[in-house]
Amino acid sequence: MISLAEELQDIDLGDQRLNRRARRLLEKLGSNPSASIPVACGGYREIKAAYRLLSNEKVDAQKILEPHYANTGERMRKQSIVLCIQDTTELDLGCPKTASTVQIYCPGSGPRQQIPHCPPFNILGH
């Protein structure tokens with residue numbers, strides 16, 4: 001597996017300082033993907049640097065993602081078969097004490113279907 005640092009080594013935001021700052025920020029966010037920027041950054045100076053980076057006119061999502069797109073394309077070219085699978089199914093495995101059914105919903109397929117099941121959980125797809 002490729003590290004985030006390797007994935008972003010070719011980032012080009014037009015300024016080496018911005019490139020370094022972007023790599024540092026993305027490493028922090030990548031090491032804790034569910035964290036907010038303040039939590040991932042940890043300190044006041046790091047948080048301020050992150051927001052300064054993200055508000056810089058030279059920085060946009062396309063430029064940040066370009067090396068990732070290029071590296072992904074390169075990895076795909078090395079494979080004989082590539083599956084591009086998209087699954088937006090959401091599972092809620094919570095067990096409400098009163099429910100004893102599985103709810104299945106797929107947009108465009110009509111109303112939710114109730115299927116008796118134990119333990120109860122919900123399958124919600126969009």
# chains A, B, ... in the order shown; residues from 1 in each chain; ligands from 1
>>> residues_around(residues="Ala49 (chain A)", least_positions_apart="3", cutoff="12 Å", atoms="only C-alpha atoms", output="number ranges by chain")
A: 17-18, 20-22, 24-25, 37-38, 41-46, 52-56
>>> select_by_dssp(residues="region 4-107 of chain A", states="alpha helix (DSSP H)", output="ChimeraX atom specification")
/A:4-7,16-31,37-41,44-55,61-77
>>> atom_distance(atom1="CA of Glu66 (chain A)", atom2="CA of Gly30 (chain A)")
16.6 Å
>>> closest_residue(among="A:Ile2, A:Ala50, A:Val59, A:Ala70", to="Ser36 (chain A)", atoms="only C-alpha atoms")
A:Ala50
>>> atom_distance(atom1="CA of Asn71 (chain A)", atom2="CA of Leu29 (chain A)")
19.3 Å
